[in-house]
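*Asks:* The structure that follows is given in the form of structure tokens.
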Amino acid sequence: MNKLTVKDIDVKGKRCLVRVDFNVPMKDGVITDENRINGALPTIKYLMDNGAKVILCSHMGKPHNIFNEKIKLNKKEKKAVEALPEEERAAATAEYIEKAKKDIKKFTLKPVADRLNEILGGKVTFATDTVGADACAKVAALKEGEVLILENTRFDAGEEGKDLEFCKKLAAFADVYVNDAFGTAHRSHASTAAIVEYGLVKTAVCGFLIEKELSVMADSLENPVRPFVAVLGGAKVADKLNVISNLLEKCDTLIVGGGMAYTFLKAKGYEVGTSLVDLEKIDYCNEMIAKAEKLGKELVLPIDTTIAKEFPNPIDAEIEVSVVDSDKIPADMMGLDIGDKTMELFASKVKSAKTVIWNGPMGVFENPTLAKGTIAVAKAMAEAEGATTIIGGGDSAAAVAQLGFADKMSHISTGGGASLELFEGKVLPGIACLNEKD
């Protein structure tokens, strides 16, 4: 974790290729949330102020299938094609492919470049390709203190395929490589790691965003102020197998809520009705319960549950619920949130902690009736006096922002997938490739 940052090197006059995460939400060509742009600004402004020639690259969305030899139709398209007579399927498939190619325009980074140009006072230009003629010409013309944004890296199949020729062309733009995209640090793609892994760029450092993620999250995992409480939610145990195991070794108390809690409750022999259960992971849950006991760690599960007849459809629809003890869920009912007693229990554990990390909602938080458990945990974290409180990206970050608790947290991670892999104890390629401090 001891990586060089932009402040550790001389950037004046250097072409700094900066991997940012500008995969921002868009609607009708308009950016609806600028958080990721704002998150990259400290690094960009530092490089500009110190005389660097700043070249930004990022992906946007998932246009990559368009460049594969065999374009995969989505589920809806596939179903529509399969419903047709056999002789019409080839033409219908071709039509969907052509539409996909036209739809590529929605993945352009041009709106991001335009917005960044407004923020930075007209010092930003945009290349209409990633490593083509326009990019090459504009990189060559770039002056100190100016910024160029390359077109979506995923417009080239070489990005995700780590194609050597694509990496060489991208690396040709860089005297220095700067990774400031924590949200993609768990990906080993051309622009996130491979240009350094292949030895094509020798000076590779992190920006301020990644530095903050590492200093807060990695340090809290390795050197937590105790008591250290970890809160895990979300739907499936399978998504967080290694996270559960790794956190049990590091934390003092592991709280499990959300859909994944019902597999643990089933493992304890409880009737969980029609709740979400991963039957293949029952043995694993028993192993984790035994591991917690062996290590002297506290594994806390819901003691009561908010139940309903069925999952809400649409997800935010009004729903009739009741609350029962977790070992008394009727056979024809499903658990969709933690109950009142559990909210109090979880909140008391969180408030007694000095370090808290949280990933995954406690229930179907998109529904107002089923968001109470998630709200209770968020509120408890906001009220945890003197504690370092860390939100591990994804749905938890969205929930905290939505509920108005964002400014009460010590740190909200910019990368859900990367945070989870960090919680698992995995090495992130986008960070492992960077130069170490002496």
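Numbering starts fresh at 1 for the residues of each chain in the structure tokens, the chains themselves are lettered A, B, ... in the order given, and ligands are numbered from 1 as they appear.
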Could you list, as an MDAnalysis selection string, every residue within 8 Å of range 326-333 of chain A, counting only C-alpha atoms and ignoring same-chain residues fewer than 6 positions away?

*Replies:* chainID A and resid 265 270:275 302:305 307:310

*Asks:* Save the residues we just selected, C-alpha atoms, as a PDB file, in the first residue's frame?

*Replies:*
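And here's selection.pdb as it stands now:
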ATOM      1  CA  LEU A 265     -30.423 -18.333   9.703  1.00  0.00           C
ATOM      2  CA  TYR A 270     -34.439 -21.803  11.485  1.00  0.00           C
ATOM      3  CA  GLU A 271     -37.546 -21.828   9.279  1.00  0.00           C
ATOM      4  CA  VAL A 272     -37.046 -18.914   6.843  1.00  0.00           C
ATOM      5  CA  GLY A 273     -40.167 -19.374   4.694  1.00  0.00           C
ATOM      6  CA  THR A 274     -39.735 -18.209   1.097  1.00  0.00           C
ATOM      7  CA  SER A 275     -36.850 -15.847   1.958  1.00  0.00           C
ATOM      8  CA  PRO A 302     -31.032 -10.555  12.817  1.00  0.00           C
ATOM      9  CA  ILE A 303     -33.139 -11.512  15.844  1.00  0.00           C
ATOM     10  CA  ASP A 304     -36.370 -10.342  14.210  1.00  0.00           C
ATOM     11  CA  THR A 305     -37.417  -9.833  10.610  1.00  0.00           C
ATOM     12  CA  ILE A 307     -41.806 -10.104   6.421  1.00  0.00           C
ATOM     13  CA  ALA A 308     -44.307  -9.961   3.548  1.00  0.00           C
ATOM     14  CA  LYS A 309     -46.146 -12.374   1.251  1.00  0.00           C
ATOM     15  CA  GLU A 310     -44.001 -11.537  -1.773  1.00  0.00           C
TER      16      GLU A 310
END

*Asks:* For the alpha helix (DSSP H) assignment from backbone DSSP, which residues of range 100-212 of chain A qualify? Please present them as number ranges by chain.

*Replies:* A: 100-102, 110-119, 133-141, 158-161, 164-171, 195-197, 208-212

*Asks:* Taking 6 positions as the minimum chain separation for residues in the same chain, which residues sit within 10 Å of Ala398 in chain A when counting only C-alpha atoms? Answer as an mmCIF file with C-alpha atoms, in the first residue's frame.

*Replies:*
data_model
loop_
_atom_site.group_PDB
_atom_site.id
_atom_site.type_symbol
_atom_site.label_atom_id
_atom_site.label_comp_id
_atom_site.auth_asym_id
_atom_site.auth_seq_id
_atom_site.Cartn_x
_atom_site.Cartn_y
_atom_site.Cartn_z
ATOM 1 C CA PRO A 361 -28.143 -2.683 2.570
ATOM 2 C CA ILE A 391 -18.917 3.087 3.476
ATOM 3 C CA ALA A 406 -23.079 11.368 3.466
ATOM 4 C CA ILE A 412 -17.434 6.943 1.315
#

*Asks:* Skipping near chain neighbours, those fewer than 3 positions away, what residues fall within 8 Å of Lys351 in chain A using only C-alpha atoms, listed as a PDB file with N, CA and C atoms, in the first residue's frame?

*Replies:*
ATOM      1  N   ALA A 347     -27.678  -1.165  15.815  1.00  0.00           N
ATOM      2  CA  ALA A 347     -27.297   0.222  16.108  1.00  0.00           C
ATOM      3  C   ALA A 347     -26.416   0.301  17.351  1.00  0.00           C
ATOM      4  N   SER A 348     -26.729  -0.495  18.369  1.00  0.00           N
ATOM      5  CA  SER A 348     -25.927  -0.463  19.604  1.00  0.00           C
ATOM      6  C   SER A 348     -24.511  -0.966  19.359  1.00  0.00           C
ATOM      7  N   ALA A 380     -27.058   5.099  12.819  1.00  0.00           N
ATOM      8  CA  ALA A 380     -26.145   4.687  13.895  1.00  0.00           C
ATOM      9  C   ALA A 380     -24.700   5.045  13.549  1.00  0.00           C
ATOM     10  N   MET A 381     -24.318   4.853  12.281  1.00  0.00           N
ATOM     11  CA  MET A 381     -22.963   5.211  11.867  1.00  0.00           C
ATOM     12  C   MET A 381     -22.752   6.717  11.963  1.00  0.00           C
ATOM     13  N   GLU A 383     -24.089   8.626  14.027  1.00  0.00           N
ATOM     14  CA  GLU A 383     -24.067   9.015  15.451  1.00  0.00           C
ATOM     15  C   GLU A 383     -22.950   8.337  16.243  1.00  0.00           C
ATOM     16  N   ALA A 384     -22.103   7.552  15.564  1.00  0.00           N
ATOM     17  CA  ALA A 384     -21.020   6.839  16.256  1.00  0.00           C
ATOM     18  C   ALA A 384     -19.895   7.822  16.595  1.00  0.00           C
ATOM     19  N   GLU A 385     -19.944   8.375  17.799  1.00  0.00           N
ATOM     20  CA  GLU A 385     -19.011   9.438  18.205  1.00  0.00           C
ATOM     21  C   GLU A 385     -17.569   8.952  18.253  1.00  0.00           C
TER      22      GLU A 385
END

*Asks:* When you look at range 45-62 of chain A with a cut-off of 7 Å (counting only C-alpha atoms), what residues show up, excluding the ones that are within fewer than 5 positions of it in the same chain? I need them as a ChimeraX atom specification.

*Replies:* /A:11-23,107,109,142-150,152-154

*Asks:* Would you save the residues from that selection as a PDB file, in the first residue's frame, using C-alpha atoms?

*Replies:*
ATOM      1  CA  VAL A  11       5.648  16.567 -13.308  1.00  0.00           C
ATOM      2  CA  LYS A  12       6.645  19.872 -14.950  1.00  0.00           C
ATOM      3  CA  GLY A  13       6.656  19.545 -18.725  1.00  0.00           C
ATOM      4  CA  LYS A  14       5.796  15.842 -18.451  1.00  0.00           C
ATOM      5  CA  ARG A  15       2.943  14.199 -20.335  1.00  0.00           C
ATOM      6  CA  CYS A  16       0.903  12.661 -17.537  1.00  0.00           C
ATOM      7  CA  LEU A  17      -1.543   9.982 -18.671  1.00  0.00           C
ATOM      8  CA  VAL A  18      -4.159   9.930 -15.913  1.00  0.00           C
ATOM      9  CA  ARG A  19      -6.646   7.061 -15.606  1.00  0.00           C
ATOM     10  CA  VAL A  20      -9.768   8.606 -14.092  1.00  0.00           C
ATOM     11  CA  ASP A  21     -13.244   7.179 -13.534  1.00  0.00           C
ATOM     12  CA  PHE A  22     -15.568   9.349 -15.613  1.00  0.00           C
ATOM     13  CA  ASN A  23     -18.182   6.608 -15.980  1.00  0.00           C
ATOM     14  CA  PHE A 107     -21.080   6.059 -24.538  1.00  0.00           C
ATOM     15  CA  LEU A 109     -17.016  11.046 -23.193  1.00  0.00           C
ATOM     16  CA  LEU A 142      -0.770  19.877 -25.735  1.00  0.00           C
ATOM     17  CA  LYS A 143       0.905  22.641 -23.710  1.00  0.00           C
ATOM     18  CA  GLU A 144       1.876  22.718 -20.032  1.00  0.00           C
ATOM     19  CA  GLY A 145      -1.153  23.249 -17.770  1.00  0.00           C
ATOM     20  CA  GLU A 146      -3.607  22.055 -20.424  1.00  0.00           C
ATOM     21  CA  VAL A 147      -5.870  19.002 -20.384  1.00  0.00           C
ATOM     22  CA  LEU A 148      -6.877  16.546 -23.094  1.00  0.00           C
ATOM     23  CA  ILE A 149      -9.600  13.903 -22.667  1.00  0.00           C
ATOM     24  CA  LEU A 150      -9.287  10.838 -24.869  1.00  0.00           C
ATOM     25  CA  ASN A 152     -13.859   6.148 -24.238  1.00  0.00           C
ATOM     26  CA  THR A 153     -11.100   3.545 -23.827  1.00  0.00           C
ATOM     27  CA  ARG A 154     -13.651   0.748 -24.267  1.00  0.00           C
TER      28      ARG A 154
END

*Asks:* Show me, as CSV, the residues of range 351-431 of chain A having an atom within 6 Å of range 224-235 of chain A, each with the closest atom pair and its distance in Å, using only C-alpha atoms.

*Replies:*
residue,atom,partner,partner_atom,distance
A:Ala353,CA,A:Pro227,CA,4.9
A:Lys354,CA,A:Pro227,CA,5.5
A:Thr355,CA,A:Phe228,CA,4.7
A:Val356,CA,A:Val229,CA,4.9
A:Ile357,CA,A:Ala230,CA,4.9
A:Trp358,CA,A:Val231,CA,4.6
A:Asn359,CA,A:Leu232,CA,5.2
A:Gly360,CA,A:Gly233,CA,3.9
A:Pro361,CA,A:Gly233,CA,4.9
A:Met362,CA,A:Gly233,CA,5.3

*Asks:* I'd like the interatomic distance between CA of Phe365 in chain A and CA of Ile289 in chain A, to a tenth of an Å.

*Replies:* 26.5 Å

*Asks:* I want to know what sits within 10 Å of Ala397 in chain A, based on only C-alpha atoms, with residues of the same chain fewer than 2 positions away left out; could you give that as an MDAnalysis selection string?

*Replies:* chainID A and resid 358:361 378 390:395 399:403 405:406 411:416

*Asks:* Take the residues that were just selected and, keeping N, CA and C atoms, output them as a PDB file, in the first residue's frame.

*Replies:*
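part_39.pdb, freshly written:
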ATOM      1  N   TRP A 358     -18.975  -0.644   6.303  1.00  0.00           N
ATOM      2  CA  TRP A 358     -20.309  -1.129   5.925  1.00  0.00           C
ATOM      3  C   TRP A 358     -20.399  -1.306   4.428  1.00  0.00           C
ATOM      4  N   ASN A 359     -20.845  -2.488   4.011  1.00  0.00           N
ATOM      5  CA  ASN A 359     -21.115  -2.732   2.600  1.00  0.00           C
ATOM      6  C   ASN A 359     -22.384  -3.573   2.473  1.00  0.00           C
ATOM      7  N   GLY A 360     -23.396  -3.015   1.819  1.00  0.00           N
ATOM      8  CA  GLY A 360     -24.618  -3.760   1.532  1.00  0.00           C
ATOM      9  C   GLY A 360     -25.793  -3.381   2.418  1.00  0.00           C
ATOM     10  N   PRO A 361     -26.957  -3.081   1.809  1.00  0.00           N
ATOM     11  CA  PRO A 361     -28.143  -2.683   2.570  1.00  0.00           C
ATOM     12  C   PRO A 361     -28.720  -3.813   3.411  1.00  0.00           C
ATOM     13  N   ALA A 378     -27.413   3.366   8.898  1.00  0.00           N
ATOM     14  CA  ALA A 378     -26.813   4.629   8.450  1.00  0.00           C
ATOM     15  C   ALA A 378     -26.841   5.670   9.569  1.00  0.00           C
ATOM     16  N   ILE A 390     -16.697   4.025   7.581  1.00  0.00           N
ATOM     17  CA  ILE A 390     -16.345   3.844   6.165  1.00  0.00           C
ATOM     18  C   ILE A 390     -17.466   3.120   5.434  1.00  0.00           C
ATOM     19  N   ILE A 391     -17.899   3.708   4.327  1.00  0.00           N
ATOM     20  CA  ILE A 391     -18.917   3.087   3.476  1.00  0.00           C
ATOM     21  C   ILE A 391     -18.217   2.510   2.259  1.00  0.00           C
ATOM     22  N   GLY A 392     -18.404   1.213   2.034  1.00  0.00           N
ATOM     23  CA  GLY A 392     -17.676   0.521   0.973  1.00  0.00           C
ATOM     24  C   GLY A 392     -18.304   0.596  -0.403  1.00  0.00           C
ATOM     25  N   GLY A 393     -18.746   1.782  -0.810  1.00  0.00           N
ATOM     26  CA  GLY A 393     -19.241   1.959  -2.177  1.00  0.00           C
ATOM     27  C   GLY A 393     -20.558   1.263  -2.457  1.00  0.00           C
ATOM     28  N   GLY A 394     -20.910   1.195  -3.755  1.00  0.00           N
ATOM     29  CA  GLY A 394     -22.090   0.463  -4.213  1.00  0.00           C
ATOM     30  C   GLY A 394     -23.398   0.956  -3.616  1.00  0.00           C
ATOM     31  N   ASP A 395     -24.306  -0.002  -3.307  1.00  0.00           N
ATOM     32  CA  ASP A 395     -25.643   0.322  -2.792  1.00  0.00           C
ATOM     33  C   ASP A 395     -25.588   1.057  -1.457  1.00  0.00           C
ATOM     34  N   ALA A 399     -27.332   4.523  -0.699  1.00  0.00           N
ATOM     35  CA  ALA A 399     -28.309   4.636   0.383  1.00  0.00           C
ATOM     36  C   ALA A 399     -27.956   5.792   1.320  1.00  0.00           C
ATOM     37  N   VAL A 400     -26.682   5.889   1.693  1.00  0.00           N
ATOM     38  CA  VAL A 400     -26.236   6.946   2.613  1.00  0.00           C
ATOM     39  C   VAL A 400     -26.458   8.325   1.990  1.00  0.00           C
ATOM     40  N   ALA A 401     -26.142   8.448   0.698  1.00  0.00           N
ATOM     41  CA  ALA A 401     -26.338   9.728   0.004  1.00  0.00           C
ATOM     42  C   ALA A 401     -27.828  10.077  -0.062  1.00  0.00           C
ATOM     43  N   GLN A 402     -28.628   9.066  -0.412  1.00  0.00           N
ATOM     44  CA  GLN A 402     -30.073   9.229  -0.547  1.00  0.00           C
ATOM     45  C   GLN A 402     -30.724   9.641   0.779  1.00  0.00           C
ATOM     46  N   LEU A 403     -30.177   9.130   1.863  1.00  0.00           N
ATOM     47  CA  LEU A 403     -30.760   9.384   3.186  1.00  0.00           C
ATOM     48  C   LEU A 403     -30.215  10.653   3.846  1.00  0.00           C
ATOM     49  N   PHE A 405     -27.026  11.247   4.869  1.00  0.00           N
ATOM     50  CA  PHE A 405     -26.009  11.034   5.904  1.00  0.00           C
ATOM     51  C   PHE A 405     -24.575  11.108   5.373  1.00  0.00           C
ATOM     52  N   ALA A 406     -24.411  11.431   4.096  1.00  0.00           N
ATOM     53  CA  ALA A 406     -23.079  11.368   3.466  1.00  0.00           C
ATOM     54  C   ALA A 406     -22.038  12.211   4.204  1.00  0.00           C
ATOM     55  N   HIS A 411     -15.584   8.362   5.501  1.00  0.00           N
ATOM     56  CA  HIS A 411     -15.156   8.096   4.122  1.00  0.00           C
ATOM     57  C   HIS A 411     -16.205   7.272   3.396  1.00  0.00           C
ATOM     58  N   ILE A 412     -16.549   7.720   2.178  1.00  0.00           N
ATOM     59  CA  ILE A 412     -17.434   6.943   1.315  1.00  0.00           C
ATOM     60  C   ILE A 412     -16.625   6.552   0.091  1.00  0.00           C
ATOM     61  N   SER A 413     -16.406   5.270  -0.097  1.00  0.00           N
ATOM     62  CA  SER A 413     -15.556   4.803  -1.186  1.00  0.00           C
ATOM     63  C   SER A 413     -16.198   5.065  -2.545  1.00  0.00           C
ATOM     64  N   THR A 414     -15.339   5.331  -3.526  1.00  0.00           N
ATOM     65  CA  THR A 414     -15.812   5.573  -4.894  1.00  0.00           C
ATOM     66  C   THR A 414     -15.928   4.283  -5.700  1.00  0.00           C
ATOM     67  N   GLY A 415     -15.560   3.156  -5.104  1.00  0.00           N
ATOM     68  CA  GLY A 415     -15.603   1.910  -5.872  1.00  0.00           C
ATOM     69  C   GLY A 415     -16.179   0.750  -5.094  1.00  0.00           C
ATOM     70  N   GLY A 416     -17.379   0.302  -5.459  1.00  0.00           N
ATOM     71  CA  GLY A 416     -17.999  -0.830  -4.765  1.00  0.00           C
ATOM     72  C   GLY A 416     -17.235  -2.121  -4.968  1.00  0.00           C
TER      73      GLY A 416
END

*Asks:* If I take CA of Ile104 in chain A and CA of Asp134 in chain A, how far is one from the other in Å, to one decimal?

*Replies:*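 Between CA of Ile104 in chain A and CA of Asp134 in chain A the gap works out to 18.6 Å.
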
*Asks:* Could you name the residues that touch range 426-436 of chain A at 12 Å or less, counting only C-alpha atoms, but leaving out those on the same chain fewer than 2 positions away, as a compact mmCIF listing (two decimals) with N, CA and C atoms, in the first residue's frame?

*Replies:*
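Full text of selection-v1.txt as output:
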# COMPACT_ATOMS: atom_id res chain seq x y z
N MET A 1 0.82 -1.20 0.00
CA MET A 1 0.00 0.00 0.00
C MET A 1 0.86 1.27 0.00
N ASN A 2 2.17 1.09 0.10
CA ASN A 2 3.09 2.22 0.22
C ASN A 2 3.50 2.72 -1.16
N LYS A 3 2.58 3.41 -1.86
CA LYS A 3 2.79 3.78 -3.25
C LYS A 3 3.16 5.24 -3.42
N LEU A 4 3.96 5.52 -4.47
CA LEU A 4 4.29 6.90 -4.81
C LEU A 4 3.03 7.63 -5.27
N THR A 5 2.96 8.92 -4.96
CA THR A 5 1.84 9.74 -5.41
C THR A 5 2.37 10.83 -6.35
N VAL A 6 1.45 11.58 -6.95
CA VAL A 6 1.86 12.66 -7.87
C VAL A 6 2.76 13.67 -7.18
N ASP A 8 5.14 13.03 -5.19
CA ASP A 8 6.49 12.47 -4.98
C ASP A 8 7.38 12.60 -6.22
N ILE A 9 6.85 13.10 -7.31
CA ILE A 9 7.63 13.19 -8.56
C ILE A 9 7.53 14.59 -9.16
N ARG A 19 -5.45 7.90 -15.51
CA ARG A 19 -6.65 7.06 -15.61
C ARG A 19 -7.62 7.54 -14.55
N VAL A 20 -8.72 8.13 -14.99
CA VAL A 20 -9.77 8.61 -14.09
C VAL A 20 -11.00 7.73 -14.27
N VAL A 176 4.61 9.83 -17.73
CA VAL A 176 4.21 9.41 -16.39
C VAL A 176 2.80 8.83 -16.47
N TYR A 177 2.57 7.74 -15.75
CA TYR A 177 1.22 7.19 -15.65
C TYR A 177 0.69 7.47 -14.24
N VAL A 178 -0.53 8.01 -14.18
CA VAL A 178 -1.16 8.29 -12.89
C VAL A 178 -2.49 7.54 -12.84
N ASN A 179 -2.66 6.69 -11.83
CA ASN A 179 -3.97 6.03 -11.66
C ASN A 179 -4.72 6.74 -10.54
N ASP A 180 -5.88 7.29 -10.88
CA ASP A 180 -6.72 7.92 -9.86
C ASP A 180 -8.16 7.40 -9.95
N ALA A 181 -8.28 6.18 -10.51
CA ALA A 181 -9.62 5.59 -10.70
C ALA A 181 -9.77 4.38 -9.79
N PHE A 182 -10.09 4.63 -8.51
CA PHE A 182 -10.23 3.51 -7.58
C PHE A 182 -11.36 2.57 -8.00
N GLY A 183 -12.41 3.13 -8.59
CA GLY A 183 -13.56 2.32 -9.00
C GLY A 183 -13.24 1.24 -10.00
N THR A 184 -12.10 1.37 -10.71
CA THR A 184 -11.70 0.33 -11.68
C THR A 184 -10.36 -0.30 -11.31
N ALA A 185 -9.87 -0.03 -10.09
CA ALA A 185 -8.55 -0.54 -9.69
C ALA A 185 -8.52 -2.06 -9.57
N HIS A 186 -9.72 -2.69 -9.47
CA HIS A 186 -9.75 -4.16 -9.38
C HIS A 186 -9.76 -4.80 -10.77
N ARG A 187 -9.76 -3.97 -11.83
CA ARG A 187 -9.73 -4.48 -13.21
C ARG A 187 -8.31 -4.46 -13.75
N SER A 188 -7.92 -5.51 -14.41
CA SER A 188 -6.61 -5.52 -15.08
C SER A 188 -6.83 -5.30 -16.57
N HIS A 189 -7.13 -4.05 -16.95
CA HIS A 189 -7.33 -3.67 -18.34
C HIS A 189 -6.13 -2.85 -18.82
N ALA A 190 -6.11 -2.51 -20.10
CA ALA A 190 -4.97 -1.79 -20.66
C ALA A 190 -4.69 -0.50 -19.90
N SER A 191 -5.73 0.35 -19.73
CA SER A 191 -5.51 1.67 -19.14
C SER A 191 -5.48 1.66 -17.62
N THR A 192 -5.92 0.56 -16.99
CA THR A 192 -5.94 0.51 -15.53
C THR A 192 -4.68 -0.13 -14.94
N ALA A 193 -3.97 -0.92 -15.74
CA ALA A 193 -2.80 -1.61 -15.20
C ALA A 193 -1.82 -2.09 -16.26
N ALA A 194 -2.33 -2.63 -17.38
CA ALA A 194 -1.47 -3.37 -18.32
C ALA A 194 -0.34 -2.56 -18.92
N ILE A 195 -0.56 -1.26 -19.19
CA ILE A 195 0.54 -0.48 -19.81
C ILE A 195 1.75 -0.40 -18.88
N VAL A 196 1.49 -0.55 -17.57
CA VAL A 196 2.60 -0.58 -16.61
C VAL A 196 3.09 -2.02 -16.43
N GLU A 197 2.15 -2.96 -16.36
CA GLU A 197 2.52 -4.38 -16.19
C GLU A 197 3.42 -4.85 -17.33
N TYR A 198 3.16 -4.35 -18.55
CA TYR A 198 3.99 -4.72 -19.71
C TYR A 198 5.33 -3.99 -19.73
N GLY A 199 5.54 -3.10 -18.77
CA GLY A 199 6.81 -2.36 -18.72
C GLY A 199 6.90 -1.22 -19.72
N LEU A 200 5.76 -0.78 -20.23
CA LEU A 200 5.75 0.25 -21.27
C LEU A 200 5.85 1.67 -20.69
N VAL A 201 5.46 1.83 -19.42
CA VAL A 201 5.62 3.10 -18.71
C VAL A 201 6.33 2.79 -17.40
N LYS A 202 7.45 3.47 -17.16
CA LYS A 202 8.26 3.14 -15.98
C LYS A 202 7.83 3.90 -14.73
N THR A 203 7.42 5.15 -14.91
CA THR A 203 7.01 5.95 -13.75
C THR A 203 5.50 5.87 -13.61
N ALA A 204 5.04 5.22 -12.55
CA ALA A 204 3.60 4.98 -12.35
C ALA A 204 3.25 5.30 -10.90
N VAL A 205 2.36 6.29 -10.70
CA VAL A 205 2.03 6.76 -9.36
C VAL A 205 0.52 6.85 -9.20
N CYS A 206 0.07 7.09 -7.98
CA CYS A 206 -1.37 7.25 -7.77
C CYS A 206 -1.71 8.73 -7.58
N GLY A 207 -2.98 9.04 -7.86
CA GLY A 207 -3.48 10.38 -7.62
C GLY A 207 -4.05 10.48 -6.22
N ILE A 210 -7.07 7.88 -5.11
CA ILE A 210 -6.61 6.53 -4.72
C ILE A 210 -5.80 6.60 -3.43
N GLU A 211 -4.99 7.64 -3.28
CA GLU A 211 -4.21 7.79 -2.05
C GLU A 211 -5.15 7.83 -0.83
N GLU A 213 -8.31 6.66 -0.66
CA GLU A 213 -8.97 5.36 -0.50
C GLU A 213 -8.05 4.40 0.26
N LEU A 214 -6.78 4.39 -0.13
CA LEU A 214 -5.84 3.46 0.50
C LEU A 214 -5.53 3.85 1.94
N ALA A 218 -7.55 0.90 3.57
CA ALA A 218 -6.53 -0.13 3.81
C ALA A 218 -5.98 -0.02 5.23
N ASN A 242 -15.40 -14.59 0.39
CA ASN A 242 -14.07 -14.29 0.91
C ASN A 242 -14.08 -13.05 1.81
N VAL A 243 -15.03 -12.15 1.55
CA VAL A 243 -15.14 -10.96 2.39
C VAL A 243 -15.49 -11.36 3.82
N ASN A 246 -12.46 -13.14 5.47
CA ASN A 246 -11.34 -12.24 5.75
C ASN A 246 -11.68 -11.25 6.86
N GLY A 415 -15.56 3.16 -5.10
CA GLY A 415 -15.60 1.91 -5.87
C GLY A 415 -16.18 0.75 -5.09
N GLY A 417 -16.97 -2.48 -6.23
CA GLY A 417 -16.25 -3.72 -6.54
C GLY A 417 -14.83 -3.71 -5.99
N ALA A 418 -14.15 -2.58 -6.14
CA ALA A 418 -12.78 -2.47 -5.63
C ALA A 418 -12.75 -2.55 -4.11
N SER A 419 -13.73 -1.91 -3.47
CA SER A 419 -13.81 -1.97 -1.99
C SER A 419 -13.98 -3.40 -1.51
N LEU A 420 -14.88 -4.12 -2.17
CA LEU A 420 -15.13 -5.51 -1.76
C LEU A 420 -13.86 -6.35 -1.89
N GLU A 421 -13.13 -6.15 -3.00
CA GLU A 421 -11.90 -6.94 -3.18
C GLU A 421 -10.85 -6.55 -2.15
N LEU A 422 -10.83 -5.27 -1.75
CA LEU A 422 -9.93 -4.84 -0.68
C LEU A 422 -10.34 -5.50 0.63
N PHE A 423 -11.66 -5.56 0.89
CA PHE A 423 -12.17 -6.22 2.10
C PHE A 423 -11.85 -7.72 2.09
N GLU A 424 -11.75 -8.29 0.88
CA GLU A 424 -11.41 -9.72 0.76
C GLU A 424 -9.93 -9.97 1.05
N ASP A 438 10.37 4.36 -1.55
CA ASP A 438 11.61 3.72 -1.05
C ASP A 438 11.46 3.34 0.41

*Asks:* Return the single residue from A:Cys167, A:Ala261, A:Leu279, A:Ala113 that is closest to Val30 in chain A, with distances computed using only C-alpha atoms.

*Replies:* A:Ala113

*Asks:* Select from range 162-219 of chain A everything DSSP, run on the backbone, classes as strand (DSSP E), then give the selection as a VMD selection string.

*Replies:* chain A and resid 176 to 179 204 to 206

*Asks:* What separation in Å, quoted to one decimal, exists between CA of Val350 in chain A and CA of Lys297 in chain A?

*Replies:*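 Interatomic distance, CA of Val350 in chain A to CA of Lys297 in chain A: 15.0 Å.
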